[in-house]
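S.K.: What follows is the file coords.cif, containing mmCIF, N, CA and C atoms:
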```
data_data
loop_
_atom_site.label_atom_id
_atom_site.label_comp_id
_atom_site.auth_asym_id
_atom_site.auth_seq_id
_atom_site.Cartn_x
_atom_site.Cartn_y
_atom_site.Cartn_z
N LEU R 61 9.35 20.35 -12.05
CA LEU R 61 8.27 20.57 -13.00
C LEU R 61 7.83 22.04 -13.04
N LYS R 62 7.86 22.67 -11.87
CA LYS R 62 7.40 24.06 -11.83
C LYS R 62 8.28 25.00 -12.64
N LYS R 63 9.52 24.60 -12.89
CA LYS R 63 10.43 25.46 -13.64
C LYS R 63 10.24 25.37 -15.14
N LEU R 64 9.51 24.37 -15.60
CA LEU R 64 9.25 24.24 -17.03
C LEU R 64 8.22 25.28 -17.46
N PRO R 65 8.49 26.01 -18.53
CA PRO R 65 7.50 26.99 -18.99
C PRO R 65 6.32 26.28 -19.66
N CYS R 66 5.13 26.50 -19.11
CA CYS R 66 3.91 25.86 -19.64
C CYS R 66 2.78 26.89 -19.69
N ARG R 67 2.04 26.87 -20.78
CA ARG R 67 0.85 27.73 -20.84
C ARG R 67 -0.36 27.02 -20.25
N ARG R 68 -0.40 25.72 -20.42
CA ARG R 68 -1.52 24.93 -19.90
C ARG R 68 -0.97 23.69 -19.21
N ILE R 69 -1.67 23.26 -18.17
CA ILE R 69 -1.25 22.07 -17.44
C ILE R 69 -2.42 21.12 -17.36
N LEU R 70 -2.15 19.87 -17.64
CA LEU R 70 -3.15 18.82 -17.53
C LEU R 70 -2.54 17.67 -16.75
N LEU R 71 -3.21 17.28 -15.70
CA LEU R 71 -2.75 16.14 -14.91
C LEU R 71 -3.73 15.00 -15.09
N LEU R 72 -3.20 13.81 -15.29
CA LEU R 72 -4.02 12.62 -15.36
C LEU R 72 -3.67 11.76 -14.17
N THR R 73 -4.66 11.47 -13.35
CA THR R 73 -4.43 10.65 -12.17
C THR R 73 -5.65 9.77 -11.95
N GLY R 74 -5.44 8.66 -11.30
CA GLY R 74 -6.53 7.71 -11.10
C GLY R 74 -7.44 8.10 -9.96
N THR R 75 -6.91 8.16 -8.75
CA THR R 75 -7.74 8.38 -7.57
C THR R 75 -7.09 9.42 -6.66
N PRO R 76 -7.19 10.71 -7.00
CA PRO R 76 -6.47 11.72 -6.22
C PRO R 76 -6.97 11.86 -4.79
N ILE R 77 -8.24 11.63 -4.53
CA ILE R 77 -8.75 11.82 -3.17
C ILE R 77 -8.46 10.60 -2.31
N GLN R 78 -8.33 9.43 -2.91
CA GLN R 78 -8.12 8.22 -2.13
C GLN R 78 -6.68 8.07 -1.66
N ASN R 79 -5.76 8.82 -2.20
CA ASN R 79 -4.37 8.70 -1.76
C ASN R 79 -4.24 9.36 -0.38
N ASN R 80 -3.88 10.61 -0.32
CA ASN R 80 -3.91 11.36 0.93
C ASN R 80 -3.95 12.85 0.60
N THR R 81 -4.29 13.65 1.59
CA THR R 81 -4.51 15.07 1.33
C THR R 81 -3.21 15.81 0.98
N GLU R 82 -2.07 15.35 1.48
CA GLU R 82 -0.81 16.00 1.12
C GLU R 82 -0.49 15.80 -0.35
N GLU R 83 -0.70 14.59 -0.85
CA GLU R 83 -0.47 14.33 -2.27
C GLU R 83 -1.44 15.13 -3.13
N LEU R 84 -2.69 15.20 -2.69
CA LEU R 84 -3.69 15.98 -3.41
C LEU R 84 -3.27 17.45 -3.45
N TRP R 85 -2.81 17.98 -2.31
CA TRP R 85 -2.38 19.37 -2.28
C TRP R 85 -1.22 19.60 -3.26
N SER R 86 -0.27 18.67 -3.32
CA SER R 86 0.87 18.89 -4.22
C SER R 86 0.41 18.92 -5.68
N LEU R 87 -0.60 18.13 -6.03
CA LEU R 87 -1.15 18.19 -7.39
C LEU R 87 -1.83 19.54 -7.63
N LEU R 88 -2.63 19.96 -6.66
CA LEU R 88 -3.33 21.25 -6.80
C LEU R 88 -2.36 22.41 -6.81
N ASN R 89 -1.31 22.34 -6.00
CA ASN R 89 -0.31 23.38 -5.95
C ASN R 89 0.42 23.49 -7.29
N TYR R 90 0.64 22.37 -7.94
CA TYR R 90 1.29 22.39 -9.25
C TYR R 90 0.38 23.03 -10.30
N ILE R 91 -0.91 22.71 -10.23
CA ILE R 91 -1.87 23.24 -11.20
C ILE R 91 -2.10 24.73 -10.98
N GLU R 92 -2.30 25.11 -9.74
CA GLU R 92 -2.63 26.50 -9.43
C GLU R 92 -1.93 26.94 -8.14
N PRO R 93 -0.65 27.29 -8.23
CA PRO R 93 0.13 27.60 -7.03
C PRO R 93 -0.34 28.85 -6.29
N ASP R 94 -0.97 29.79 -6.98
CA ASP R 94 -1.43 30.99 -6.28
C ASP R 94 -2.61 30.70 -5.36
N LYS R 95 -3.49 29.81 -5.76
CA LYS R 95 -4.66 29.48 -4.96
C LYS R 95 -4.32 28.46 -3.87
N PHE R 96 -3.46 27.50 -4.19
CA PHE R 96 -3.09 26.44 -3.24
C PHE R 96 -1.63 26.62 -2.86
N ASN R 97 -1.37 27.68 -2.09
CA ASN R 97 0.01 28.05 -1.78
C ASN R 97 0.48 27.59 -0.41
N SER R 98 -0.40 27.07 0.43
CA SER R 98 -0.01 26.73 1.79
C SER R 98 -0.49 25.33 2.17
N LEU R 99 0.46 24.41 2.31
CA LEU R 99 0.11 23.06 2.74
C LEU R 99 -0.47 23.06 4.16
N PRO R 100 0.13 23.74 5.13
CA PRO R 100 -0.47 23.74 6.48
C PRO R 100 -1.91 24.25 6.49
N ASN R 101 -2.19 25.29 5.70
CA ASN R 101 -3.55 25.82 5.62
C ASN R 101 -4.50 24.78 5.01
N PHE R 102 -4.06 24.12 3.96
CA PHE R 102 -4.87 23.09 3.31
C PHE R 102 -5.14 21.93 4.27
N LEU R 103 -4.10 21.51 4.98
CA LEU R 103 -4.27 20.41 5.94
C LEU R 103 -5.17 20.80 7.11
N GLN R 104 -5.13 22.07 7.48
CA GLN R 104 -6.00 22.53 8.56
C GLN R 104 -7.46 22.39 8.15
N HIS R 105 -7.76 22.68 6.90
CA HIS R 105 -9.15 22.59 6.43
C HIS R 105 -9.57 21.17 6.07
N PHE R 106 -8.65 20.40 5.46
CA PHE R 106 -9.03 19.10 4.91
C PHE R 106 -8.15 17.95 5.38
N GLY R 107 -7.25 18.17 6.31
CA GLY R 107 -6.23 17.21 6.69
C GLY R 107 -6.64 15.77 6.84
N ASP R 108 -7.58 15.48 7.73
CA ASP R 108 -7.90 14.09 7.98
C ASP R 108 -9.21 13.64 7.33
N LEU R 109 -9.95 14.57 6.76
CA LEU R 109 -11.25 14.26 6.13
C LEU R 109 -12.07 13.36 7.04
N SER R 110 -12.22 13.81 8.29
CA SER R 110 -12.86 12.97 9.30
C SER R 110 -14.38 13.11 9.35
N ASN R 111 -14.93 14.12 8.67
CA ASN R 111 -16.39 14.23 8.71
C ASN R 111 -16.94 14.56 7.32
N ALA R 112 -18.20 14.34 7.15
CA ALA R 112 -18.85 14.51 5.85
C ALA R 112 -18.77 15.96 5.36
N GLU R 113 -18.80 16.91 6.28
CA GLU R 113 -18.74 18.32 5.89
C GLU R 113 -17.41 18.64 5.22
N GLN R 114 -16.30 18.14 5.78
CA GLN R 114 -14.98 18.35 5.18
C GLN R 114 -14.92 17.75 3.78
N VAL R 115 -15.43 16.55 3.64
CA VAL R 115 -15.41 15.86 2.35
C VAL R 115 -16.24 16.63 1.33
N GLU R 116 -17.40 17.10 1.74
CA GLU R 116 -18.27 17.86 0.84
C GLU R 116 -17.60 19.16 0.41
N ARG R 117 -16.96 19.88 1.36
CA ARG R 117 -16.25 21.12 1.01
C ARG R 117 -15.12 20.84 0.03
N LEU R 118 -14.40 19.73 0.25
CA LEU R 118 -13.31 19.38 -0.64
C LEU R 118 -13.84 19.04 -2.04
N HIS R 119 -14.93 18.31 -2.10
CA HIS R 119 -15.52 17.98 -3.41
C HIS R 119 -15.91 19.26 -4.16
N GLU R 120 -16.50 20.21 -3.45
CA GLU R 120 -16.87 21.48 -4.08
C GLU R 120 -15.64 22.23 -4.57
N LEU R 121 -14.58 22.21 -3.78
CA LEU R 121 -13.34 22.88 -4.17
C LEU R 121 -12.72 22.23 -5.40
N LEU R 122 -12.82 20.91 -5.51
CA LEU R 122 -12.19 20.18 -6.60
C LEU R 122 -13.00 20.16 -7.89
N LYS R 123 -14.29 20.41 -7.80
CA LYS R 123 -15.16 20.30 -8.98
C LYS R 123 -14.61 20.98 -10.24
N PRO R 124 -14.12 22.21 -10.16
CA PRO R 124 -13.62 22.86 -11.39
C PRO R 124 -12.36 22.21 -11.95
N TYR R 125 -11.69 21.38 -11.17
CA TYR R 125 -10.42 20.82 -11.59
C TYR R 125 -10.51 19.37 -12.06
N LEU R 126 -11.63 18.72 -11.83
CA LEU R 126 -11.72 17.29 -12.12
C LEU R 126 -12.74 17.00 -13.21
N LEU R 127 -12.37 16.08 -14.04
CA LEU R 127 -13.29 15.50 -15.01
C LEU R 127 -13.41 14.04 -14.61
N ARG R 128 -14.56 13.68 -14.10
CA ARG R 128 -14.73 12.32 -13.62
C ARG R 128 -15.56 11.54 -14.62
N ARG R 129 -14.97 10.49 -15.12
CA ARG R 129 -15.67 9.66 -16.09
C ARG R 129 -15.84 8.27 -15.50
N MET R 130 -17.04 7.79 -15.55
CA MET R 130 -17.34 6.44 -15.08
C MET R 130 -17.31 5.50 -16.27
N LYS R 131 -16.80 4.32 -16.05
CA LYS R 131 -16.66 3.33 -17.12
C LYS R 131 -17.99 3.08 -17.82
N GLU R 132 -19.06 2.94 -17.05
CA GLU R 132 -20.36 2.65 -17.66
C GLU R 132 -20.91 3.83 -18.47
N ASP R 133 -20.47 5.06 -18.17
CA ASP R 133 -20.90 6.22 -18.95
C ASP R 133 -20.16 6.31 -20.28
N VAL R 134 -18.94 5.81 -20.32
CA VAL R 134 -18.10 5.91 -21.51
C VAL R 134 -18.38 4.79 -22.49
N GLU R 135 -18.51 3.59 -21.98
CA GLU R 135 -18.69 2.42 -22.85
C GLU R 135 -19.87 1.59 -22.33
N ALA R 136 -21.01 1.72 -23.01
CA ALA R 136 -22.23 1.05 -22.56
C ALA R 136 -22.21 -0.45 -22.82
N SER R 137 -21.34 -0.91 -23.70
CA SER R 137 -21.33 -2.34 -24.03
C SER R 137 -20.58 -3.20 -23.01
N ILE R 138 -19.95 -2.57 -22.04
CA ILE R 138 -19.24 -3.35 -21.02
C ILE R 138 -20.28 -3.96 -20.07
N PRO R 139 -20.29 -5.27 -19.96
CA PRO R 139 -21.27 -5.90 -19.07
C PRO R 139 -20.92 -5.62 -17.61
N PRO R 140 -21.91 -5.71 -16.73
CA PRO R 140 -21.63 -5.48 -15.31
C PRO R 140 -20.65 -6.54 -14.79
N LEU R 141 -19.89 -6.16 -13.79
CA LEU R 141 -18.90 -7.05 -13.21
C LEU R 141 -19.59 -8.27 -12.61
N MET R 142 -19.07 -9.43 -12.94
CA MET R 142 -19.58 -10.67 -12.36
C MET R 142 -18.45 -11.32 -11.59
N GLU R 143 -18.72 -11.70 -10.36
CA GLU R 143 -17.73 -12.35 -9.54
C GLU R 143 -18.12 -13.80 -9.33
N THR R 144 -17.15 -14.65 -9.40
CA THR R 144 -17.36 -16.06 -9.08
C THR R 144 -16.41 -16.40 -7.96
N ILE R 145 -16.95 -16.83 -6.86
CA ILE R 145 -16.14 -17.18 -5.71
C ILE R 145 -15.98 -18.70 -5.68
N VAL R 146 -14.74 -19.11 -5.72
CA VAL R 146 -14.43 -20.54 -5.69
C VAL R 146 -13.69 -20.81 -4.39
N ASP R 147 -14.31 -21.57 -3.50
CA ASP R 147 -13.67 -21.91 -2.24
C ASP R 147 -12.69 -23.05 -2.46
N ILE R 148 -11.46 -22.83 -2.03
CA ILE R 148 -10.45 -23.88 -2.09
C ILE R 148 -9.77 -23.94 -0.74
N GLU R 149 -9.25 -25.09 -0.44
CA GLU R 149 -8.58 -25.28 0.83
C GLU R 149 -7.12 -24.84 0.71
N MET R 150 -6.61 -24.27 1.80
CA MET R 150 -5.20 -23.88 1.81
C MET R 150 -4.33 -25.13 1.83
N THR R 151 -3.13 -24.99 1.29
CA THR R 151 -2.19 -26.11 1.34
C THR R 151 -1.68 -26.26 2.77
N THR R 152 -1.00 -27.34 3.01
CA THR R 152 -0.46 -27.60 4.35
C THR R 152 0.51 -26.51 4.76
N ILE R 153 1.38 -26.10 3.86
CA ILE R 153 2.34 -25.05 4.19
C ILE R 153 1.63 -23.73 4.47
N GLN R 154 0.58 -23.41 3.69
CA GLN R 154 -0.17 -22.18 3.93
C GLN R 154 -0.82 -22.22 5.31
N LYS R 155 -1.39 -23.35 5.69
CA LYS R 155 -2.03 -23.47 7.02
C LYS R 155 -1.00 -23.28 8.12
N THR R 156 0.17 -23.87 7.94
CA THR R 156 1.22 -23.75 8.96
C THR R 156 1.67 -22.30 9.11
N ILE R 157 1.91 -21.64 8.00
CA ILE R 157 2.36 -20.24 8.05
C ILE R 157 1.25 -19.34 8.58
N TYR R 158 0.02 -19.55 8.15
CA TYR R 158 -1.13 -18.77 8.62
C TYR R 158 -1.22 -18.86 10.13
N ARG R 159 -1.16 -20.09 10.65
CA ARG R 159 -1.26 -20.31 12.10
C ARG R 159 -0.10 -19.63 12.82
N ALA R 160 1.12 -19.71 12.26
CA ALA R 160 2.28 -19.09 12.89
C ALA R 160 2.15 -17.57 12.94
N VAL R 161 1.72 -16.98 11.83
CA VAL R 161 1.55 -15.51 11.80
C VAL R 161 0.47 -15.09 12.80
N TYR R 162 -0.62 -15.83 12.84
CA TYR R 162 -1.71 -15.50 13.76
C TYR R 162 -1.28 -15.67 15.21
N GLU R 163 -0.63 -16.78 15.53
CA GLU R 163 -0.19 -17.05 16.91
C GLU R 163 0.81 -15.99 17.38
N ARG R 164 1.71 -15.59 16.47
CA ARG R 164 2.71 -14.58 16.83
C ARG R 164 2.05 -13.25 17.19
N ASN R 165 0.88 -12.98 16.65
CA ASN R 165 0.20 -11.70 16.87
C ASN R 165 -0.99 -11.81 17.80
N LYS R 166 -1.22 -12.96 18.40
CA LYS R 166 -2.39 -13.16 19.25
C LYS R 166 -2.37 -12.22 20.46
N ALA R 167 -1.21 -12.03 21.09
CA ALA R 167 -1.10 -11.14 22.25
C ALA R 167 -1.47 -9.71 21.87
N MET R 168 -1.03 -9.28 20.68
CA MET R 168 -1.36 -7.93 20.21
C MET R 168 -2.86 -7.78 20.04
N LEU R 169 -3.52 -8.82 19.57
CA LEU R 169 -4.96 -8.75 19.35
C LEU R 169 -5.72 -8.60 20.67
N LYS R 170 -5.20 -9.19 21.73
CA LYS R 170 -5.89 -9.15 23.03
C LYS R 170 -5.62 -7.85 23.78
N GLY R 171 -4.39 -7.31 23.68
CA GLY R 171 -3.98 -6.28 24.62
C GLY R 171 -4.10 -4.83 24.21
N PHE R 172 -4.11 -4.53 22.93
CA PHE R 172 -4.01 -3.13 22.52
C PHE R 172 -5.34 -2.57 22.05
N SER R 173 -5.39 -1.25 21.96
CA SER R 173 -6.53 -0.57 21.36
C SER R 173 -6.02 0.74 20.78
N GLY R 174 -6.88 1.45 20.05
CA GLY R 174 -6.50 2.75 19.52
C GLY R 174 -5.89 2.67 18.14
N GLN R 175 -5.20 3.76 17.74
CA GLN R 175 -4.65 3.90 16.39
C GLN R 175 -3.59 2.84 16.10
N SER R 176 -2.68 2.60 17.05
CA SER R 176 -1.62 1.62 16.79
C SER R 176 -2.22 0.23 16.61
N PHE R 177 -3.29 -0.06 17.34
CA PHE R 177 -3.96 -1.36 17.19
C PHE R 177 -4.54 -1.50 15.79
N THR R 178 -5.18 -0.45 15.29
CA THR R 178 -5.78 -0.50 13.95
C THR R 178 -4.70 -0.71 12.90
N THR R 179 -3.59 -0.01 13.03
CA THR R 179 -2.48 -0.17 12.09
C THR R 179 -1.94 -1.59 12.15
N SER R 180 -1.73 -2.10 13.36
CA SER R 180 -1.20 -3.46 13.52
C SER R 180 -2.18 -4.49 12.99
N LEU R 181 -3.46 -4.26 13.22
CA LEU R 181 -4.48 -5.18 12.74
C LEU R 181 -4.52 -5.19 11.22
N ASN R 182 -4.40 -4.02 10.59
CA ASN R 182 -4.35 -3.95 9.13
C ASN R 182 -3.12 -4.68 8.60
N ASN R 183 -1.98 -4.51 9.27
CA ASN R 183 -0.77 -5.20 8.87
C ASN R 183 -0.94 -6.71 9.00
N LEU R 184 -1.52 -7.15 10.10
CA LEU R 184 -1.77 -8.59 10.30
C LEU R 184 -2.69 -9.12 9.22
N GLU R 185 -3.74 -8.37 8.91
CA GLU R 185 -4.68 -8.80 7.87
C GLU R 185 -3.95 -8.96 6.53
N MET R 186 -3.06 -8.03 6.20
CA MET R 186 -2.33 -8.12 4.94
C MET R 186 -1.40 -9.33 4.94
N GLN R 187 -0.75 -9.62 6.06
CA GLN R 187 0.14 -10.78 6.13
C GLN R 187 -0.65 -12.08 5.96
N LEU R 188 -1.82 -12.16 6.58
CA LEU R 188 -2.65 -13.35 6.45
C LEU R 188 -3.18 -13.49 5.02
N ARG R 189 -3.52 -12.37 4.42
CA ARG R 189 -4.00 -12.40 3.02
C ARG R 189 -2.88 -12.87 2.09
N LYS R 190 -1.66 -12.37 2.31
CA LYS R 190 -0.52 -12.81 1.50
C LYS R 190 -0.33 -14.31 1.63
N CYS R 191 -0.44 -14.80 2.85
CA CYS R 191 -0.28 -16.23 3.09
C CYS R 191 -1.33 -17.03 2.32
N CYS R 192 -2.55 -16.55 2.27
CA CYS R 192 -3.62 -17.24 1.54
C CYS R 192 -3.40 -17.18 0.03
N ASN R 193 -2.92 -16.06 -0.47
CA ASN R 193 -2.68 -15.93 -1.90
C ASN R 193 -1.50 -16.78 -2.34
N HIS R 194 -0.38 -16.59 -1.69
CA HIS R 194 0.80 -17.42 -1.94
C HIS R 194 1.79 -17.13 -0.83
N PRO R 195 2.25 -18.15 -0.12
CA PRO R 195 3.13 -17.90 1.03
C PRO R 195 4.42 -17.16 0.68
N PHE R 196 4.89 -17.27 -0.56
CA PHE R 196 6.13 -16.60 -0.93
C PHE R 196 5.96 -15.08 -1.03
N LEU R 197 4.75 -14.57 -0.93
CA LEU R 197 4.55 -13.12 -0.89
C LEU R 197 5.08 -12.53 0.42
N ILE R 198 5.22 -13.36 1.43
CA ILE R 198 5.85 -12.93 2.68
C ILE R 198 7.35 -13.17 2.48
N LYS R 199 8.12 -12.09 2.46
CA LYS R 199 9.53 -12.14 2.04
C LYS R 199 10.34 -13.20 2.78
N GLU R 200 10.19 -13.26 4.09
CA GLU R 200 11.01 -14.17 4.88
C GLU R 200 10.71 -15.62 4.58
N ILE R 201 9.50 -15.92 4.19
CA ILE R 201 9.07 -17.31 3.97
C ILE R 201 9.80 -17.93 2.79
N GLU R 202 9.85 -17.21 1.69
CA GLU R 202 10.51 -17.75 0.50
C GLU R 202 11.97 -18.08 0.79
N ALA R 203 12.66 -17.16 1.45
CA ALA R 203 14.07 -17.38 1.78
C ALA R 203 14.23 -18.59 2.69
N GLU R 204 13.33 -18.76 3.63
CA GLU R 204 13.40 -19.87 4.59
C GLU R 204 13.12 -21.20 3.91
N ILE R 205 12.13 -21.26 3.05
CA ILE R 205 11.72 -22.52 2.42
C ILE R 205 12.71 -22.95 1.34
N THR R 206 13.25 -22.01 0.59
CA THR R 206 14.11 -22.36 -0.54
C THR R 206 15.57 -22.58 -0.14
N ARG R 207 15.88 -22.53 1.13
CA ARG R 207 17.26 -22.76 1.58
C ARG R 207 17.68 -24.17 1.34
#
```
Give the structure from this file in structure tokens form.
M.R.:
Amino acid sequence: LKKLPCRRILLLTGTPIQNNTEELWSLLNYIEPDKFNSLPNFLQHFGDLSNAEQVERLHELLKPYLLRRMKEDVEASIPPLMETIVDIEMTTIQKTIYRAVYERNKAMLKGFSGQSFTTSLNNLEMQLRKCCNHPFLIKEIEAEITR
């Protein structure tokens, strides 16, 4: 993209800050390579966004580059979001798979801590959520059941 001759550049993206700082830097580097020329330097200042001060500095840096439009500001006739929660029971197969996934990871839940534990816990949560939504979302399950 950088080799294409352009007088003006416009990027449209949904959530640039929610992805990760490396992706954000690559967008900024494309828009203004002279100002955002060093990924290591950018990561040193904003890498993990671990405190409010870093986030605030990043927001100030991004202000000239972002046009943020909120749905309610653009279209006033959109009613507020309404959620209806309907409790339903899992099917027998969902209960069996849910219990198997949970039992397989029970030792991990008891023994670990730290970053790897958080990652594993997030992965377990996603597997259990897939099971609740539809067991075939877990790749191995569909192949096993449809044999």
S.K.: Pick out the closest residue to R:Ile153 from this set: R:Glu120, R:Glu202, R:Glu135, R:Glu113. Count only C-alpha atoms.
M.R.: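 Among the listed residues, the smallest separation from R:Ile153 belongs to R:Glu202.
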S.K.: Could you jot down the atom N of R:Glu92 to atom C of R:Val115 separation for me, Å, one decimal place?
M.R.: 19.7 Å
S.K.: I want to know what sits within 10 Å of R:Glu149, based on only C-alpha atoms, with residues of the same chain fewer than 4 positions away left out; could you give that as a VMD selection string?
M.R.: chain R and resid 154 to 155 192
S.K.: List the spatial neighbours of R:Ile69 as a PyMOL selection string - criterion: any atom at most 12 Å away, only C-alpha atoms, same-chain residues fewer than 5 positions off excluded.
M.R.: chain R and resi 61-62+64+87-93+125
S.K.: Store the residues of this selection in a file with N, CA and C atoms, as a short mmCIF file (atom, residue, chain, number, x, y, z; two decimals), keeping the file's coordinate frame.
M.R.:
```cif
data_model
loop_
_atom_site.label_atom_id
_atom_site.label_comp_id
_atom_site.auth_asym_id
_atom_site.auth_seq_id
_atom_site.Cartn_x
_atom_site.Cartn_y
_atom_site.Cartn_z
N LEU R 61 9.35 20.35 -12.05
CA LEU R 61 8.27 20.57 -13.00
C LEU R 61 7.83 22.04 -13.04
N LYS R 62 7.86 22.67 -11.87
CA LYS R 62 7.40 24.06 -11.83
C LYS R 62 8.28 25.00 -12.64
N LEU R 64 9.51 24.37 -15.60
CA LEU R 64 9.25 24.24 -17.03
C LEU R 64 8.22 25.28 -17.46
N LEU R 87 -0.60 18.13 -6.03
CA LEU R 87 -1.15 18.19 -7.39
C LEU R 87 -1.83 19.54 -7.63
N LEU R 88 -2.63 19.96 -6.66
CA LEU R 88 -3.33 21.25 -6.80
C LEU R 88 -2.36 22.41 -6.81
N ASN R 89 -1.31 22.34 -6.00
CA ASN R 89 -0.31 23.38 -5.95
C ASN R 89 0.42 23.49 -7.29
N TYR R 90 0.64 22.37 -7.94
CA TYR R 90 1.29 22.39 -9.25
C TYR R 90 0.38 23.03 -10.30
N ILE R 91 -0.91 22.71 -10.23
CA ILE R 91 -1.87 23.24 -11.20
C ILE R 91 -2.10 24.73 -10.98
N GLU R 92 -2.30 25.11 -9.74
CA GLU R 92 -2.63 26.50 -9.43
C GLU R 92 -1.93 26.94 -8.14
N PRO R 93 -0.65 27.29 -8.23
CA PRO R 93 0.13 27.60 -7.03
C PRO R 93 -0.34 28.85 -6.29
N TYR R 125 -11.69 21.38 -11.17
CA TYR R 125 -10.42 20.82 -11.59
C TYR R 125 -10.51 19.37 -12.06
#
```
S.K.: Would you please extract all alpha helix (DSSP H) residues from stretch 62-196 of chain R, as assigned by DSSP on the backbone, and give them as a PyMOL selection string?
M.R.: chain R and resi 81-91+99-106+112-122+131-134+152-164+166-171+175-193
S.K.: Excluding R:Tyr162 and residues on its chain fewer than 4 positions from it, collect all residues at most 8 Å away from it, counting only C-alpha atoms, and give them as a VMD selection string.
M.R.: chain R and resid 158 166 184 188
S.K.: Please, what distance in Å, to one decimal, runs between atom CA of R:Gln114 and atom CA of R:Leu127?
M.R.: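 Atom-to-atom, atom CA of R:Gln114 to atom CA of R:Leu127, that is 20.5 Å.
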S.K.: Excluding R:Arg117 and its own-chain neighbours fewer than 5 positions away, which residues fall within 9 Å of it when counting only C-alpha atoms? Please give them as number ranges by chain.
M.R.: R: 106, 112, 122
S.K.: Would you mind reading off the distance between atom CA of R:Thr73 and atom CA of R:Ile138, one decimal, in Å?
M.R.: 22.2 Å
